[in-house]
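As provided, run_7.txt (compact mmCIF, C-alpha atoms) reads as follows.
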# COMPACT_ATOMS: atom_id res chain seq x y z
CA MET A 687 35.72 0.69 35.47
CA ASN A 688 36.22 2.72 38.56
CA MET A 689 32.71 2.21 39.83
CA TYR A 690 33.41 -1.47 40.30
CA SER A 691 36.45 -0.92 42.51
CA ASN A 692 34.75 -1.68 45.79
CA LEU A 693 33.83 -5.15 44.73
CA THR A 694 34.80 -7.72 47.29
CA GLU A 695 35.75 -10.94 45.67
CA THR A 696 37.36 -13.88 47.35
CA ASN A 697 38.13 -17.12 45.62
CA GLY A 698 35.62 -16.36 42.96
CA THR A 699 32.85 -15.62 45.40
CA ILE A 700 31.27 -12.21 45.44
CA GLU A 701 30.54 -10.98 48.91
CA PHE A 702 27.73 -8.50 48.93
CA GLN A 703 27.52 -6.26 51.84
CA LYS A 704 24.31 -4.57 52.90
CA TYR A 705 23.94 -2.28 49.95
CA PRO A 706 20.56 -1.53 48.50
CA PHE A 707 21.47 -2.09 44.87
CA ILE A 708 23.51 -4.67 43.11
CA LEU A 709 24.76 -4.91 39.59
CA LEU A 710 25.60 -8.14 37.86
CA SER A 711 27.84 -8.47 34.89
CA ASN A 712 28.86 -10.58 31.97
CA ALA A 713 32.25 -10.77 33.57
CA SER A 714 30.81 -12.91 36.29
CA LEU A 715 29.39 -15.24 33.69
CA ALA A 716 32.72 -15.55 31.99
CA GLY A 717 34.60 -16.43 35.16
CA GLU A 718 33.96 -18.76 38.03
CA THR A 719 32.25 -16.15 40.11
CA ARG A 720 29.66 -17.40 42.53
CA ILE A 721 26.92 -15.33 43.96
CA LYS A 722 25.48 -15.68 47.39
CA PRO A 723 21.77 -16.12 47.10
CA GLY A 724 20.56 -14.63 50.33
CA LEU A 725 20.64 -11.10 49.09
CA TYR A 726 18.37 -11.92 46.26
CA GLU A 727 15.56 -13.48 48.14
CA SER A 728 13.41 -10.40 47.96
CA SER A 729 15.06 -8.86 45.00
CA LYS A 730 13.38 -7.45 42.04
CA VAL A 731 14.91 -6.10 38.91
CA TYR A 732 14.93 -2.40 39.39
CA GLU A 733 15.87 -1.16 35.95
CA LEU A 734 18.28 -1.62 33.16
CA TYR A 735 21.31 0.52 33.68
CA ASN A 736 22.57 0.21 30.18
CA PRO A 737 22.02 -2.51 27.62
CA LYS A 738 24.36 -4.80 29.49
CA ILE A 739 23.93 -3.79 33.08
CA MET A 740 20.92 -4.13 35.23
CA ILE A 741 20.30 -2.87 38.69
CA ILE A 742 18.62 -5.10 41.16
CA GLU A 743 16.92 -3.75 44.18
CA SER A 744 17.72 -5.98 47.03
CA LYS A 745 16.75 -5.94 50.63
CA PRO A 746 19.68 -6.52 52.93
CA GLN A 747 19.31 -9.99 54.30
CA LYS A 748 19.89 -11.25 57.76
CA VAL A 749 23.37 -10.52 58.82
CA ASN A 750 25.33 -11.85 61.70
CA ASP A 751 27.32 -9.80 64.10
CA ASP A 752 30.14 -9.47 61.63
CA ASP A 753 27.81 -8.04 59.03
CA ASN A 754 28.34 -11.05 56.84
CA VAL A 755 25.57 -12.67 54.93
CA THR A 756 24.41 -15.62 56.93
CA ASN A 757 23.13 -17.69 54.07
CA SER A 758 26.05 -19.89 53.18
CA GLU A 759 24.45 -21.44 50.15
CA GLU A 760 25.82 -20.14 46.90
CA PHE A 761 24.40 -19.86 43.46
CA GLN A 762 26.66 -21.27 40.83
CA ILE A 763 26.82 -19.12 37.76
CA SER A 764 24.93 -21.83 35.95
CA ASP A 765 22.09 -21.24 38.37
CA ILE A 766 21.86 -17.56 37.66
CA THR A 767 19.12 -18.05 35.12
CA THR A 768 17.02 -19.68 37.79
CA PHE A 769 17.57 -16.70 39.96
CA MET A 770 16.88 -14.27 37.16
CA ASN A 771 13.66 -15.98 36.28
CA TYR A 772 12.68 -15.47 39.84
CA ALA A 773 13.70 -11.83 39.75
CA ASN A 774 12.32 -11.04 36.31
CA PRO A 775 11.44 -13.71 33.75
CA ASN A 776 11.88 -11.22 30.92
CA LEU A 777 15.59 -10.85 31.43
CA SER A 778 18.18 -13.19 30.03
CA GLU A 779 21.74 -13.96 31.00
CA GLU A 780 22.89 -11.52 28.34
CA ASN A 781 21.68 -8.75 30.59
CA LEU A 782 23.90 -9.74 33.47
CA ILE A 783 26.92 -7.59 33.94
CA TYR A 784 29.05 -7.41 37.00
CA VAL A 785 28.49 -7.66 40.65
CA VAL A 786 29.03 -4.35 42.28
CA ASP A 787 27.68 -2.35 45.13
CA THR A 788 25.93 0.93 44.64
CA LYS A 789 27.78 2.54 47.47
CA THR A 790 30.47 3.03 44.89
CA LEU A 791 27.95 4.30 42.42
CA ASP A 792 26.77 6.81 44.90
CA GLN A 793 30.29 8.06 45.43
CA ASP A 794 30.52 9.46 41.93
CA ASN A 795 26.80 10.14 41.63
CA THR A 796 26.53 7.91 38.61
CA TYR A 797 23.31 6.35 39.69
CA LEU A 798 21.81 9.66 40.73
CA GLN A 799 22.73 11.16 37.37
CA TYR A 800 21.27 8.18 35.63
CA LYS A 801 17.98 8.62 37.44
CA GLN A 802 17.85 12.33 36.63
CA ILE A 803 18.55 11.79 32.95
CA SER A 804 16.13 8.92 32.84
CA ASN A 805 13.42 11.17 34.25
CA LYS A 806 14.13 13.87 31.68
CA ILE A 807 13.87 11.39 28.84
CA GLU A 808 10.72 9.79 30.17
CA LYS A 809 9.17 13.26 30.48
CA LEU A 810 10.15 14.04 26.90
CA PHE A 811 8.56 10.84 25.62
CA ILE A 812 5.39 11.38 27.62
CA SER A 813 4.97 15.05 26.75
CA VAL A 814 5.33 14.68 23.00
CA ASN A 815 2.26 15.53 20.93
CA ILE A 816 1.75 12.32 19.01
CA GLU A 817 -0.57 13.84 16.41
CA GLU A 818 1.99 16.51 15.59
CA LEU A 819 4.69 13.90 15.45
CA GLU A 820 2.70 11.76 13.02
CA ASP A 821 2.05 14.85 10.90
CA GLY A 822 5.77 15.30 10.51
CA ASN A 823 6.18 18.17 12.97
CA THR A 824 9.05 16.49 14.72
CA GLY A 825 11.38 19.45 15.15
CA CYS A 826 10.84 20.22 18.81
CA PHE A 827 10.86 16.60 19.90
CA THR A 828 13.93 15.64 17.92
CA ASP A 829 15.78 18.78 19.02
CA ASN A 830 15.18 17.94 22.66
CA LEU A 831 16.14 14.33 22.10
CA SER A 832 19.35 15.34 20.33
CA ASN A 833 20.23 17.79 23.07
CA LEU A 834 19.81 15.16 25.77
CA ILE A 835 21.94 12.64 23.89
CA MET A 836 24.68 15.16 23.21
CA LYS A 837 24.67 16.58 26.73
CA TYR A 838 24.50 13.38 28.75
CA PRO A 839 26.61 10.36 27.83
CA MET A 840 24.21 8.16 29.80
CA ALA A 841 21.17 9.27 27.83
CA MET A 842 21.53 6.51 25.28
CA SER A 843 21.40 3.92 28.07
CA CYS A 844 18.10 5.35 29.27
CA ILE A 845 16.68 5.51 25.77
CA SER A 846 17.79 1.95 25.08
CA GLN A 847 16.05 0.75 28.20
CA LEU A 848 12.79 2.46 27.28
CA ILE A 849 12.89 1.31 23.67
CA LEU A 850 13.94 -2.28 24.23
CA ASN A 851 11.38 -2.72 26.98
CA GLN A 852 8.84 -1.16 24.57
CA LYS A 853 7.61 1.22 27.21
CA ILE A 854 6.74 4.11 24.92
CA ASN A 855 4.09 4.85 22.34
CA GLN A 856 4.77 3.17 18.98
CA SER A 857 4.80 6.40 16.98
CA VAL A 858 7.16 8.06 19.44
CA ALA A 859 9.42 5.01 19.46
CA ALA A 860 9.47 4.80 15.67
CA GLU A 861 10.31 8.50 15.37
CA THR A 862 12.98 8.18 18.05
CA LEU A 863 14.63 5.24 16.31
CA LYS A 864 14.50 7.01 12.97
CA HIS A 865 16.03 10.12 14.51
CA LEU A 866 18.83 8.14 16.15
CA GLY A 867 19.89 7.23 12.64
CA TYR A 868 19.87 10.84 11.46
CA LEU A 869 21.74 12.27 14.44
CA LYS A 870 25.27 13.46 13.83
CA HIS A 871 27.06 12.72 17.08
CA GLU A 872 30.19 10.64 16.95
CA SER A 873 30.51 9.66 20.61
CA SER A 874 27.04 8.06 20.73
CA TYR A 875 27.38 6.42 17.31
CA GLN A 876 28.09 2.90 18.51
CA GLU A 877 25.36 2.92 21.14
CA ARG A 878 22.84 4.24 18.63
CA LEU A 879 23.76 1.62 16.07
CA THR A 880 23.60 -1.13 18.68
CA LEU A 881 20.17 -0.02 19.82
CA LEU A 882 18.86 0.12 16.26
CA GLU A 883 20.19 -3.36 15.56
CA LYS A 884 18.57 -4.72 18.70
CA ALA A 885 15.29 -2.89 18.07
CA LEU A 886 14.89 -4.85 14.83
CA SER A 887 13.86 -7.68 17.15
CA CYS A 888 11.21 -5.74 19.08
CA SER A 889 7.82 -7.38 19.10
CA ASP A 890 6.06 -4.22 17.86
CA GLU A 891 6.02 -3.74 14.09
CA ASP A 892 6.34 0.06 14.25
CA TYR A 893 9.41 -0.19 16.47
CA ARG A 894 11.02 -2.54 13.94
CA ASP A 895 10.13 -0.20 11.10
CA GLY A 896 11.68 2.76 12.93
CA ALA A 897 14.83 0.73 13.59
CA ASN A 898 15.08 -0.13 9.91
CA LEU A 899 14.79 3.55 8.96
CA GLY A 900 17.47 4.51 11.48
CA ILE A 901 19.79 1.84 10.14
CA ALA A 902 19.15 2.92 6.55
CA SER A 903 20.13 6.44 7.51
CA MET A 904 23.33 5.39 9.29
CA ASP A 905 24.21 3.26 6.28
CA ASP A 906 26.61 1.15 8.31
CA PRO A 907 27.27 -2.36 6.92
CA HIS A 908 27.75 -3.59 10.49
CA ALA A 909 23.95 -3.94 10.62
CA ILE A 910 23.86 -6.40 7.70
CA PRO A 911 23.70 -9.62 9.78
CA PHE A 912 21.06 -8.08 12.03
CA LEU A 913 18.93 -7.15 9.05
CA ARG A 914 19.30 -10.63 7.55
CA LYS A 915 18.19 -12.17 10.82
CA ALA A 916 15.30 -9.71 11.11
CA ILE A 917 14.12 -10.47 7.57
CA ASN A 918 14.04 -14.18 8.36
CA LYS A 919 11.94 -13.56 11.45
CA GLU A 920 9.74 -10.73 10.14
CA SER A 921 6.00 -11.33 9.88
CA SER A 922 5.00 -8.12 8.10
CA ILE A 923 5.26 -8.37 4.31
CA LEU A 924 5.90 -4.66 4.01
CA ASN A 925 8.63 -4.75 6.61
CA ILE A 926 10.30 -7.63 4.75
CA LYS A 927 10.18 -5.53 1.60
CA PHE A 928 11.62 -2.45 3.28
CA PHE A 929 14.21 -4.33 5.36
CA SER A 930 15.39 -5.99 2.15
CA GLN A 931 15.78 -2.60 0.48
CA THR A 932 17.93 -1.43 3.37
CA LEU A 933 19.93 -4.66 3.29
CA LYS A 934 20.65 -4.16 -0.41
CA GLN A 935 21.70 -0.56 0.30
CA LEU A 936 24.09 -1.65 3.05
CA GLU A 937 25.54 -4.43 0.92
CA ASP A 938 26.21 -1.90 -1.83
CA THR A 939 27.82 0.41 0.71
CA ALA A 940 30.01 -2.44 1.95
CA LYS A 941 31.09 -3.25 -1.61
CA CYS A 942 31.79 0.39 -2.29
CA ARG A 943 33.89 0.77 0.86
CA SER A 944 35.87 -2.40 0.19
CA PHE A 945 36.55 -1.13 -3.31
CA TYR A 946 38.00 2.10 -1.97
CA VAL A 947 40.02 0.24 0.67
CA ALA A 948 41.41 -2.09 -1.98
CA MET B 1012 -1.54 2.11 -18.00
CA PRO B 1013 -0.10 5.01 -16.01
CA PHE B 1014 -0.26 5.25 -12.24
CA LEU B 1015 -1.35 7.88 -9.79
CA LEU B 1016 0.92 8.45 -6.85
CA ARG B 1017 0.34 9.77 -3.37
CA GLY B 1018 2.70 10.15 -0.44
CA ILE B 1019 1.58 8.23 2.64
CA ARG B 1020 2.76 7.18 6.07
CA LYS B 1021 3.41 3.46 5.84
CA GLY B 1022 2.37 2.89 9.44
CA LYS B 1023 -1.15 4.04 8.60
CA TRP B 1024 -1.63 1.51 5.81
CA ASN B 1025 0.12 -1.70 6.72
CA LYS B 1026 -2.14 -2.83 9.54
CA ALA B 1027 -4.75 -5.53 9.04
CA TYR B 1028 -8.39 -4.52 9.49
CA PRO B 1029 -9.03 -4.41 13.24
CA GLU B 1030 -11.41 -6.96 14.71
CA TRP B 1031 -13.78 -4.31 16.07
CA LEU B 1032 -14.46 -2.93 12.59
CA ALA B 1033 -17.96 -3.58 11.22
CA ASP B 1034 -18.24 -5.04 7.71
CA ASP B 1035 -19.32 -1.78 6.13
CA GLU B 1036 -16.71 0.31 7.94
CA PHE B 1037 -13.19 1.34 7.06
CA PRO B 1038 -10.42 2.25 9.55
CA ALA B 1039 -9.68 5.95 9.95
CA ASP B 1040 -5.89 5.81 9.81
CA PRO B 1041 -5.38 5.36 6.06
CA VAL B 1042 -7.92 8.07 5.27
CA CYS B 1043 -5.86 10.48 7.41
CA ASP B 1044 -3.20 10.35 4.71
CA PHE B 1045 -5.67 11.84 2.26
CA ASN B 1046 -5.56 15.47 3.33
CA THR B 1047 -7.95 17.33 1.10
CA SER B 1048 -8.15 20.99 0.26
CA ARG B 1049 -11.39 22.47 -1.03
CA ASN B 1050 -12.65 18.88 -1.26
CA MET B 1051 -9.88 17.95 -3.66
CA LEU B 1052 -7.08 15.44 -3.32
CA SER B 1053 -3.70 16.05 -4.90
CA LEU B 1054 -2.22 13.22 -7.00
CA TYR B 1055 0.71 12.92 -9.38
CA MET B 1056 0.75 10.78 -12.49
CA VAL B 1057 3.70 8.58 -13.43
CA GLU B 1058 3.95 6.48 -16.58
CA ASP B 1059 5.27 3.40 -14.76
CA LEU B 1060 6.87 2.46 -11.47
CA SER B 1061 10.41 1.83 -12.67
CA GLU B 1062 13.07 3.62 -10.63
CA HIS B 1063 14.25 5.47 -13.71
CA ASN B 1064 10.79 6.85 -14.34
CA ILE B 1065 9.67 7.56 -10.81
CA SER B 1066 12.83 8.99 -9.24
CA ARG B 1067 12.28 12.54 -10.50
CA THR B 1068 8.73 12.58 -9.17
CA ILE B 1069 9.85 11.24 -5.80
CA ALA B 1070 12.61 13.85 -5.54
CA ALA B 1071 10.13 16.63 -6.23
CA LEU B 1072 7.51 15.30 -3.82
CA ALA B 1073 9.99 14.58 -1.02
CA LEU B 1074 11.20 18.17 -1.13
CA THR B 1075 7.64 19.44 -0.60
CA LYS B 1076 7.85 17.97 2.92
CA ILE B 1077 10.61 20.39 3.81
CA LYS B 1078 9.04 23.25 5.65
CA PRO B 1079 10.44 26.63 4.59
CA LYS B 1080 9.97 28.30 7.98
CA HIS B 1081 12.06 25.91 10.03
CA LYS B 1082 15.49 26.01 8.52
CA ASP B 1083 17.12 24.40 11.53
CA HIS B 1084 14.96 21.32 11.09
CA GLN B 1085 15.18 20.98 7.34
CA ARG B 1086 16.34 17.56 6.28
CA ILE B 1087 15.19 14.88 3.91
CA GLU B 1088 13.37 11.87 5.23
CA ASN B 1089 12.40 8.56 3.72
CA TYR B 1090 9.52 8.95 1.30
CA ASP B 1091 6.70 6.41 1.54
CA TYR B 1092 4.10 6.37 -1.20
CA ILE B 1093 1.35 4.34 -2.74
CA ALA B 1094 0.70 4.04 -6.46
CA PHE B 1095 -2.51 2.83 -8.09
CA ASP B 1096 -3.87 2.45 -11.61
CA PHE B 1097 -4.95 5.66 -13.25
CA GLY B 1098 -8.07 3.84 -14.37
CA LEU B 1099 -9.21 3.16 -10.83
CA ILE B 1100 -10.62 6.67 -10.55
CA SER B 1101 -13.05 6.29 -13.43
CA ASN B 1102 -13.86 2.73 -12.32
CA ILE B 1103 -15.19 4.04 -9.04
CA GLY B 1104 -17.01 6.93 -10.70
CA MET B 1105 -14.80 9.77 -9.55
CA THR B 1106 -13.40 12.70 -11.46
CA LEU B 1107 -9.86 13.88 -12.05
CA GLU B 1108 -9.01 17.41 -13.05
CA LYS B 1109 -5.63 18.39 -14.38
CA SER B 1110 -3.99 21.32 -12.63
CA ASP B 1111 -0.50 22.59 -11.87
CA GLY B 1112 1.30 20.94 -8.99
CA GLN B 1113 3.18 22.76 -6.26
CA THR B 1114 6.59 21.10 -6.30
CA LEU B 1115 9.94 22.69 -7.15
CA ASP B 1116 10.00 20.75 -10.44
CA GLU B 1117 7.95 22.34 -13.22
CA GLY B 1118 8.05 19.16 -15.27
CA ILE B 1119 6.51 17.16 -12.45
CA ASN B 1120 3.97 19.89 -11.75
CA ALA B 1121 2.63 19.28 -15.24
CA ASN B 1122 1.72 15.73 -14.19
CA HIS B 1123 -0.47 16.86 -11.34
CA TYR B 1124 -4.15 16.05 -10.98
CA ASN B 1125 -6.80 16.90 -8.46
CA LEU B 1126 -9.39 14.34 -7.56
CA ILE B 1127 -12.39 16.63 -7.26
CA GLU B 1128 -15.83 16.72 -5.64
CA LEU B 1129 -14.78 14.57 -2.73
CA SER B 1130 -16.97 13.70 0.21
CA VAL B 1131 -15.91 11.70 3.26
CA GLN B 1132 -17.79 8.74 1.83
CA ARG B 1133 -16.04 8.99 -1.55
CA LEU B 1134 -12.67 9.40 0.11
CA THR B 1135 -13.33 6.26 2.13
CA ILE B 1136 -14.31 4.32 -1.00
CA LEU B 1137 -11.05 5.39 -2.63
CA ALA B 1138 -8.99 4.46 0.43
CA ARG B 1139 -10.67 1.06 0.65
CA GLU B 1140 -10.11 0.34 -3.05
CA ILE B 1141 -6.45 1.27 -2.74
CA LYS B 1142 -5.87 -0.65 0.49
CA ASP B 1143 -7.61 -3.78 -0.76
CA ASN B 1144 -6.14 -3.83 -4.26
CA PHE B 1145 -2.91 -1.90 -4.31
CA SER B 1146 -1.18 -2.62 -0.99
CA ASP B 1147 1.62 -4.27 -2.96
CA ASN B 1148 2.29 -0.86 -4.43
CA ILE B 1149 3.20 0.69 -1.10
CA ASN B 1150 6.82 1.63 -1.58
CA ARG B 1151 9.57 3.44 0.25
CA VAL B 1152 12.59 5.40 -0.81
CA ASN B 1153 15.24 5.54 1.90
CA VAL B 1154 17.17 8.75 2.47
CA LYS B 1155 20.31 7.61 0.68
CA PRO B 1156 18.69 6.85 -2.69
CA LEU B 1157 16.47 9.87 -2.17
CA ALA B 1158 19.53 12.10 -1.87
CA ARG B 1159 20.73 10.64 -5.16
CA TYR B 1160 17.39 11.37 -6.82
CA ILE B 1161 17.50 14.96 -5.60
CA GLN B 1162 21.09 15.31 -6.73
CA ASN B 1163 20.11 14.09 -10.21
CA SER B 1164 17.22 16.51 -10.36
CA ILE B 1165 19.53 19.34 -9.38
CA ARG B 1166 22.11 18.33 -11.97
CA ASN B 1167 19.46 18.05 -14.67
CA ASN B 1168 18.18 21.53 -13.81
CA ASN B 1169 14.76 20.13 -12.99
CA LEU B 1170 14.43 21.89 -9.66
CA ASP B 1171 14.13 25.54 -8.75
CA ILE B 1172 17.73 25.78 -7.61
CA ASN B 1173 17.30 29.07 -5.78
CA VAL B 1174 14.75 27.54 -3.46
CA VAL B 1175 16.93 24.47 -2.85
CA LYS B 1176 19.96 26.66 -2.16
CA ASP B 1177 17.92 28.52 0.42
CA PHE B 1178 17.26 25.39 2.47
CA GLY B 1179 18.95 25.37 5.87
CA ALA B 1180 22.42 24.09 6.62
CA PRO B 1181 21.14 20.77 8.10
CA PHE B 1182 19.62 19.88 4.71
CA HIS B 1183 22.83 20.53 2.80
CA GLU B 1184 25.00 18.81 5.42
CA GLN B 1185 22.76 15.75 5.30
CA MET B 1186 22.84 15.67 1.51
CA ASN B 1187 26.62 15.94 1.57
CA ASP B 1188 26.89 13.08 4.08
CA LEU B 1189 24.49 10.83 2.20
CA LEU B 1190 26.29 11.44 -1.06
CA SER B 1191 29.70 10.87 0.55
CA GLY B 1192 30.87 14.39 -0.17
CA ASP B 1193 29.67 14.37 -3.79
CA TYR B 1194 27.23 17.20 -3.18
CA ASP B 1195 28.10 20.77 -3.73
CA ILE B 1196 25.03 22.80 -4.38
CA SER B 1197 26.92 26.07 -4.80
CA ASN B 1198 29.08 24.64 -7.60
CA ILE B 1199 26.03 23.17 -9.29
CA ALA B 1200 24.20 26.45 -9.03
CA CYS B 1201 27.08 28.28 -10.70
CA THR B 1202 27.28 25.97 -13.70

Represent the structure of the file as structure tokens.
Amino acid sequence: MNMYSNLTETNGTIEFQKYPFILLSNASLAGETRIKPGLYESSKVYELYNPKIMIIESKPQKVNDDDNVTNSEEFQISDITTFMNYANPNLSEENLIYVVDTKTLDQDNTYLQYKQISNKIEKLFISVNIEELEDGNTGCFTDNLSNLIMKYPMAMSCISQLILNQKINQSVAAETLKHLGYLKHESSYQERLTLLEKALSCSDEDYRDGANLGIASMDDPHAIPFLRKAINKESSILNIKFFSQTLKQLEDTAKCRSFYVA
Amino acid sequence: MPFLLRGIRKGKWNKAYPEWLADDEFPADPVCDFNTSRNMLSLYMVEDLSEHNISRTIAALALTKIKPKHKDHQRIENYDYIAFDFGLISNIGMTLEKSDGQTLDEGINANHYNLIELSVQRLTILAREIKDNFSDNINRVNVKPLARYIQNSIRNNNLDINVVKDFGAPFHEQMNDLLSGDYDISNIACT
């Protein structure tokens, strides 16, 4: 991706310059990339950028006259978990993406856009009338949600972050997840399905229920293994019953589709 | 023994009794699903809970959730319901009164009852009896099978087709998607 183009990499070592934000990526896990630790000493995880990218706020560390990081010690990739636990114990290696500087992000305003969209979505979630939502008067909320998703390609990343971190009211989250399944919008399809599959593992029962409803509506057999896993882990008897119904539906859909393909 | 059926919101019923609740109290959430009118609660009778038997009732009840005024927001949603023994009502000393229902299916309307002379206390007794004894009968119909049920009711001329035809485009588009293109309300209406 273009936003990663300013990455400085030498012999598998990422050289961070004095940029305020850093992204880490799965790519670095896959390769032999090493990460200098000095920049992370006062880091904290700033926010999830999309399900696979996180942004870390990092104070520029001591630099020498050449503006190079003075700390010569390097984290091996295998040590990244140690670092991440320090930064945020709730994040796993799966969340690490690629090392990049936000100077590049700033150039195309990606990060700024992300923040603006994120604010809009947070406002929407906060302003919703929960009683009306629970009474089935979802029109205004779901319209606004749909509009944001269709207008801003990054909206799904923001929604995913809020849902997977379980930062919103259970009823709002459940309605959101259900609506993501109903939405007709091809370009966000994969992100919506991925979020629903992941949300089956949320610790809150209502979130999981909403995810199941969204998946049932999308009727995509891709979710079958996720549902099976969720059923095995589920503690709510009713959720097991309803997840199993959806699983049966998706298995029937898969059979039906394979029949037509054959 | 027939059953009485009532649409609910699953999230209001599936929680364990909270720790703060006194022994003689009942949580408010489940009772919120019992909206009364003139101190009466609307219930529909079904002979048994087999899919064959209940699907027509579910189709009719699910369509009552579609609000006529908001055509842009009309779509079907999963239908969650609870069913309990018909005999429960007399067992707890309450009274049922037969009256016409308000669905688009006249046949289903004939199976409608009002639970009458309800007070908050009586409503709570009913909710407690149902929650304690019939939680296994909380069921859900997902949108895909629900679309099939509605389609069957349309094909069997059970529904007021003119009202269904008048639903907004989102409803018909959703039905068409869920039925993989096997939904054509205008053709059905002409036959």

Exercise. CA of Lys1021 (chain B) to CA of Asp1091 (chain B): how many Å, to one decimal?
Worked result: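 Going from CA of Lys1021 (chain B) over to CA of Asp1091 (chain B), I get 6.2 Å.
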
Exercise. When the cut-off is 12 Å and we count all atoms listed in the file, which residues of chain A are near chain B, given as a ChimeraX atom specification?
Worked result: /A:817,819-829,832,856-857,860-861,864-865,867-870,890-896,898-906,921-936,938-939,942-943

Exercise. Suppose you want the space between CA of Phe1045 (chain B) and CA of Ala1070 (chain B); what is it in Å?
Worked result: 20.0 Å

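Using all atoms listed in the file, the smallest distance between any of A:Cys888, A:Ala897, A:Ile917, A:Leu866 and Ala841 (chain A) comes from A:Leu866.
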
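Here CA of Ile1172 (chain B) is placed at a distance of 12.0 Å from CA of Ala1071 (chain B).
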
For this session: Counting all atoms listed in the file, write as an MDAnalysis selection string all protein and nucleic acid residues lying at most 12 Å from (13.6, 3.8, 28.4) in the file's frame.
Result: chainID A and resid 733:737 800:801 803:812 840:855 858:859 862 881

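Using all atoms listed in the file, the shortest contact distance between Val1042 (chain B) and any of B:Ala1158, B:Val1175, B:Ile1141, B:Leu1190 is found at B:Ile1141.
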
Exercise. Pick the closest to Leu913 (chain A) from A:Lys884, A:His871, A:Lys837, A:Arg878: which is it, counting only C-alpha atoms?
Worked result: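 That would be A:Lys884, the residue with the smallest distance to Leu913 (chain A).
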